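Here is the structure we will look at, set down as structure tokens.
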Amino acid sequence: MESTLFRKQSLAALFLFGVLPTAVQAQYLRVTGSSVNVRQGPDVGSTVVGIAEEGDIFHRLGDMEEWYVVKMFSGESRYIHASLAEPTENIPTLPDSEATRRMAFEGFLRAEDRSFIEADARIASSGVPANIEFQRILDDRYKLQVCQAFPDIQPFHFEEIKLEGVQKEWDRIGDALIH
């Protein structure tokens, strides 16, 4: 019962935000072009959040006209032009190496710290909303770069790695946070 209610609420939210799910939709999206812009909105004039590389795989949230809607690290919806990616269900599993997953987790923490510091330095005088928006763009950009530094880590692996890192307290040395 709870699962059905959650699905209905999720679909309602997708419709409210203009994301139209297709009847049978792949849950993932593979980038087919090289150096593909991931944009803040579904428009070629929209801010470039990051650069996806050929083979990068994202969680696909839906379609919006000529754009795929993907979930990024900040939790924000971002957009990839439909001519530069394709739906896929053929996705790699997490790497077996815990050391690799931990290094990626630590890279994500550093990326997050960097995005906060740079957003505060650049946008602090413009107010909180502008700062938060810019921080989320930088968070997506830098965490995408972390994924691209590890051949076996895909953007859609982020949540699994984050959960594992928190559960295993990879973000702590003794009682102190490392970031």
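Labeling convention for the structure tokens: chains A, B, ... as they appear, residues from 1 per chain, ligands from 1 in order of appearance.
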
Report task. Report the residues of segment 43-112 of chain A whose backbone DSSP state falls under strand (DSSP E or B), written as number ranges by chain. Result -> A: 48-52, 57-64, 67-71, 77-81, 85-88

Just write the chosen residues, N, CA and C atoms, as a PDB file, in the first residue's frame.
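Ended up saving to result33.pdb:
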```
ATOM      1  N   VAL A  48      25.432  25.353 -18.511  1.00  0.00           N
ATOM      2  CA  VAL A  48      26.070  24.035 -18.560  1.00  0.00           C
ATOM      3  C   VAL A  48      26.505  23.687 -17.145  1.00  0.00           C
ATOM      4  N   VAL A  49      25.957  22.601 -16.627  1.00  0.00           N
ATOM      5  CA  VAL A  49      26.249  22.152 -15.273  1.00  0.00           C
ATOM      6  C   VAL A  49      27.532  21.335 -15.249  1.00  0.00           C
ATOM      7  N   GLY A  50      27.720  20.524 -16.281  1.00  0.00           N
ATOM      8  CA  GLY A  50      28.903  19.673 -16.374  1.00  0.00           C
ATOM      9  C   GLY A  50      29.028  19.111 -17.776  1.00  0.00           C
ATOM     10  N   ILE A  51      30.124  18.416 -17.998  1.00  0.00           N
ATOM     11  CA  ILE A  51      30.385  17.793 -19.292  1.00  0.00           C
ATOM     12  C   ILE A  51      30.408  16.284 -19.094  1.00  0.00           C
ATOM     13  N   ALA A  52      29.442  15.601 -19.720  1.00  0.00           N
ATOM     14  CA  ALA A  52      29.395  14.142 -19.660  1.00  0.00           C
ATOM     15  C   ALA A  52      30.267  13.576 -20.771  1.00  0.00           C
ATOM     16  N   ILE A  57      26.700   6.935 -17.512  1.00  0.00           N
ATOM     17  CA  ILE A  57      25.332   6.447 -17.330  1.00  0.00           C
ATOM     18  C   ILE A  57      24.692   7.173 -16.147  1.00  0.00           C
ATOM     19  N   PHE A  58      23.498   7.699 -16.394  1.00  0.00           N
ATOM     20  CA  PHE A  58      22.753   8.473 -15.408  1.00  0.00           C
ATOM     21  C   PHE A  58      21.412   7.807 -15.119  1.00  0.00           C
ATOM     22  N   HIS A  59      20.837   8.131 -13.945  1.00  0.00           N
ATOM     23  CA  HIS A  59      19.444   7.775 -13.670  1.00  0.00           C
ATOM     24  C   HIS A  59      18.583   8.649 -14.569  1.00  0.00           C
ATOM     25  N   ARG A  60      17.711   8.019 -15.311  1.00  0.00           N
ATOM     26  CA  ARG A  60      16.804   8.744 -16.201  1.00  0.00           C
ATOM     27  C   ARG A  60      15.482   8.966 -15.467  1.00  0.00           C
ATOM     28  N   LEU A  61      15.055  10.224 -15.395  1.00  0.00           N
ATOM     29  CA  LEU A  61      13.803  10.556 -14.731  1.00  0.00           C
ATOM     30  C   LEU A  61      12.639  10.656 -15.712  1.00  0.00           C
ATOM     31  N   GLY A  62      12.943  10.971 -16.961  1.00  0.00           N
ATOM     32  CA  GLY A  62      11.877  11.117 -17.954  1.00  0.00           C
ATOM     33  C   GLY A  62      12.373  11.818 -19.196  1.00  0.00           C
ATOM     34  N   ASP A  63      11.408  12.251 -19.999  1.00  0.00           N
ATOM     35  CA  ASP A  63      11.688  12.942 -21.249  1.00  0.00           C
ATOM     36  C   ASP A  63      10.938  14.262 -21.245  1.00  0.00           C
ATOM     37  N   MET A  64      11.525  15.248 -21.899  1.00  0.00           N
ATOM     38  CA  MET A  64      10.873  16.540 -22.033  1.00  0.00           C
ATOM     39  C   MET A  64      11.194  17.068 -23.418  1.00  0.00           C
ATOM     40  N   TRP A  67      14.657  16.458 -24.949  1.00  0.00           N
ATOM     41  CA  TRP A  67      15.620  16.330 -23.868  1.00  0.00           C
ATOM     42  C   TRP A  67      15.299  15.137 -22.988  1.00  0.00           C
ATOM     43  N   TYR A  68      16.361  14.532 -22.475  1.00  0.00           N
ATOM     44  CA  TYR A  68      16.207  13.538 -21.413  1.00  0.00           C
ATOM     45  C   TYR A  68      16.415  14.262 -20.092  1.00  0.00           C
ATOM     46  N   VAL A  69      15.651  13.881 -19.105  1.00  0.00           N
ATOM     47  CA  VAL A  69      15.782  14.451 -17.769  1.00  0.00           C
ATOM     48  C   VAL A  69      16.521  13.424 -16.920  1.00  0.00           C
ATOM     49  N   VAL A  70      17.635  13.843 -16.309  1.00  0.00           N
ATOM     50  CA  VAL A  70      18.437  12.932 -15.494  1.00  0.00           C
ATOM     51  C   VAL A  70      18.569  13.480 -14.082  1.00  0.00           C
ATOM     52  N   LYS A  71      18.787  12.568 -13.149  1.00  0.00           N
ATOM     53  CA  LYS A  71      19.011  12.950 -11.756  1.00  0.00           C
ATOM     54  C   LYS A  71      20.511  13.115 -11.548  1.00  0.00           C
ATOM     55  N   SER A  77      17.140  17.886 -11.085  1.00  0.00           N
ATOM     56  CA  SER A  77      16.956  17.372 -12.437  1.00  0.00           C
ATOM     57  C   SER A  77      17.829  18.191 -13.370  1.00  0.00           C
ATOM     58  N   ARG A  78      18.524  17.511 -14.254  1.00  0.00           N
ATOM     59  CA  ARG A  78      19.355  18.165 -15.271  1.00  0.00           C
ATOM     60  C   ARG A  78      18.968  17.582 -16.625  1.00  0.00           C
ATOM     61  N   TYR A  79      19.485  18.158 -17.703  1.00  0.00           N
ATOM     62  CA  TYR A  79      18.994  17.822 -19.033  1.00  0.00           C
ATOM     63  C   TYR A  79      20.131  17.500 -19.999  1.00  0.00           C
ATOM     64  N   ILE A  80      19.908  16.438 -20.778  1.00  0.00           N
ATOM     65  CA  ILE A  80      20.839  16.021 -21.829  1.00  0.00           C
ATOM     66  C   ILE A  80      20.039  15.924 -23.117  1.00  0.00           C
ATOM     67  N   HIS A  81      20.540  16.533 -24.187  1.00  0.00           N
ATOM     68  CA  HIS A  81      19.809  16.511 -25.451  1.00  0.00           C
ATOM     69  C   HIS A  81      19.662  15.074 -25.941  1.00  0.00           C
ATOM     70  N   ALA A  85      22.344  10.915 -26.424  1.00  0.00           N
ATOM     71  CA  ALA A  85      22.251   9.850 -25.419  1.00  0.00           C
ATOM     72  C   ALA A  85      21.172   8.868 -25.841  1.00  0.00           C
ATOM     73  N   GLU A  86      21.171   7.713 -25.158  1.00  0.00           N
ATOM     74  CA  GLU A  86      20.149   6.709 -25.457  1.00  0.00           C
ATOM     75  C   GLU A  86      19.758   5.983 -24.167  1.00  0.00           C
ATOM     76  N   PRO A  87      18.483   5.601 -24.083  1.00  0.00           N
ATOM     77  CA  PRO A  87      18.056   4.817 -22.925  1.00  0.00           C
ATOM     78  C   PRO A  87      18.777   3.472 -22.903  1.00  0.00           C
ATOM     79  N   THR A  88      19.033   2.972 -21.713  1.00  0.00           N
ATOM     80  CA  THR A  88      19.688   1.676 -21.575  1.00  0.00           C
ATOM     81  C   THR A  88      19.244   1.000 -20.282  1.00  0.00           C
TER      82      THR A  88
END
```

Query - DSSP-assigned helix (DSSP H, G or I) among chain A, expressed as a ChimeraX atom specification - result: /A:2-16,82-84,98-126,128-149,155-167

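Taking only C-alpha atoms into account, Ser83 of chain A lies nearest to A:Val36 out of the set A:Val36, A:Ala121, A:Ile161, A:Leu109.
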
List the spatial neighbours of Glu106 of chain A as an mmCIF file with N, CA and C atoms, in the first residue's frame - criterion: any atom at most 12 Å away, only C-alpha atoms, same-chain residues fewer than 5 positions off excluded.
```
data_model
loop_
_atom_site.group_PDB
_atom_site.id
_atom_site.type_symbol
_atom_site.label_atom_id
_atom_site.label_comp_id
_atom_site.auth_asym_id
_atom_site.auth_seq_id
_atom_site.Cartn_x
_atom_site.Cartn_y
_atom_site.Cartn_z
ATOM 1 N N ALA A 99 38.244 -0.467 -1.759
ATOM 2 C CA ALA A 99 39.193 0.655 -1.770
ATOM 3 C C ALA A 99 38.820 1.659 -2.862
ATOM 4 N N THR A 100 38.415 1.179 -4.023
ATOM 5 C CA THR A 100 38.000 2.068 -5.114
ATOM 6 C C THR A 100 36.746 2.830 -4.723
ATOM 7 N N ARG A 101 35.767 2.137 -4.144
ATOM 8 C CA ARG A 101 34.530 2.800 -3.730
ATOM 9 C C ARG A 101 34.821 3.844 -2.649
ATOM 10 N N ALA A 111 34.674 17.083 -3.391
ATOM 11 C CA ALA A 111 33.924 17.845 -4.393
ATOM 12 C C ALA A 111 32.848 18.690 -3.724
ATOM 13 N N GLU A 112 32.177 18.108 -2.746
ATOM 14 C CA GLU A 112 31.135 18.838 -2.024
ATOM 15 C C GLU A 112 31.731 20.022 -1.265
ATOM 16 N N ASP A 113 32.835 19.784 -0.572
ATOM 17 C CA ASP A 113 33.497 20.876 0.152
ATOM 18 C C ASP A 113 33.900 21.988 -0.814
ATOM 19 N N LYS A 143 31.318 16.439 -8.811
ATOM 20 C CA LYS A 143 31.088 15.010 -8.559
ATOM 21 C C LYS A 143 31.078 14.217 -9.862
ATOM 22 N N VAL A 146 34.585 13.492 -10.513
ATOM 23 C CA VAL A 146 35.061 12.394 -9.664
ATOM 24 C C VAL A 146 34.721 11.063 -10.323
ATOM 25 N N CYS A 147 33.482 10.917 -10.767
ATOM 26 C CA CYS A 147 33.080 9.658 -11.436
ATOM 27 C C CYS A 147 33.971 9.382 -12.641
ATOM 28 N N PHE A 158 26.511 6.874 -7.532
ATOM 29 C CA PHE A 158 26.751 7.818 -6.440
ATOM 30 C C PHE A 158 25.972 7.485 -5.170
ATOM 31 N N ILE A 161 27.267 4.414 -3.320
ATOM 32 C CA ILE A 161 28.569 4.671 -2.705
ATOM 33 C C ILE A 161 28.401 5.586 -1.496
ATOM 34 N N LYS A 162 27.560 6.601 -1.637
ATOM 35 C CA LYS A 162 27.311 7.518 -0.516
ATOM 36 C C LYS A 162 26.734 6.760 0.679
ATOM 37 N N GLU A 164 26.970 3.517 1.367
ATOM 38 C CA GLU A 164 27.993 2.637 1.925
ATOM 39 C C GLU A 164 29.002 3.435 2.760
ATOM 40 N N GLY A 165 29.414 4.585 2.257
ATOM 41 C CA GLY A 165 30.377 5.415 2.972
ATOM 42 C C GLY A 165 29.861 5.906 4.311
ATOM 43 N N VAL A 166 28.613 6.286 4.345
ATOM 44 C CA VAL A 166 28.009 6.747 5.602
ATOM 45 C C VAL A 166 27.865 5.573 6.573
ATOM 46 N N GLU A 169 31.130 4.687 7.880
ATOM 47 C CA GLU A 169 31.764 5.860 8.490
ATOM 48 C C GLU A 169 33.104 6.206 7.843
ATOM 49 N N TRP A 170 33.128 6.136 6.517
ATOM 50 C CA TRP A 170 34.341 6.521 5.794
ATOM 51 C C TRP A 170 34.604 8.013 5.906
ATOM 52 N N ASP A 171 33.607 8.766 6.338
ATOM 53 C CA ASP A 171 33.775 10.212 6.469
ATOM 54 C C ASP A 171 34.274 10.611 7.853
ATOM 55 N N ARG A 172 34.736 9.643 8.622
ATOM 56 C CA ARG A 172 35.208 9.920 9.983
ATOM 57 C C ARG A 172 36.601 9.329 10.228
ATOM 58 N N LEU A 177 34.903 14.471 11.668
ATOM 59 C CA LEU A 177 34.583 14.380 10.244
ATOM 60 C C LEU A 177 35.824 14.751 9.445
ATOM 61 N N ILE A 178 36.045 14.073 8.295
ATOM 62 C CA ILE A 178 37.254 14.363 7.523
ATOM 63 C C ILE A 178 37.053 15.457 6.494
ATOM 64 N N HIS A 179 35.852 15.950 6.345
ATOM 65 C CA HIS A 179 35.680 17.020 5.354
ATOM 66 C C HIS A 179 35.172 18.272 5.965
#
```

List as a tab-separated table (two decimals) with C-alpha atoms, in the first residue's frame the protein and nucleic acid residues near Glu160 of chain A, meaning an atom at most 12 Å away when only C-alpha atoms are counted, but skip any in the same chain fewer than 3 places from it.
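Contents of out-v7.tsv, freshly written:
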```
chain	number	residue	atom	x	y	z
A	73	PHE	CA	24.30	14.34	-7.47
A	93	THR	CA	27.55	-3.08	-11.17
A	94	LEU	CA	29.62	-1.31	-8.55
A	95	PRO	CA	33.30	-2.22	-8.60
A	101	ARG	CA	34.53	2.80	-3.73
A	102	ARG	CA	36.06	4.46	-0.67
A	104	ALA	CA	35.35	7.69	-4.88
A	105	PHE	CA	33.41	8.47	-1.68
A	153	ILE	CA	32.27	4.31	-11.32
A	154	GLN	CA	29.22	5.73	-13.09
A	155	PRO	CA	27.17	8.77	-12.04
A	156	PHE	CA	24.23	6.53	-11.10
A	157	HIS	CA	26.51	4.69	-8.60
A	163	LEU	CA	25.15	5.12	1.51
A	164	GLU	CA	27.99	2.64	1.92
A	165	GLY	CA	30.38	5.42	2.97
A	166	VAL	CA	28.01	6.75	5.60
A	167	GLN	CA	27.22	3.27	6.93
```
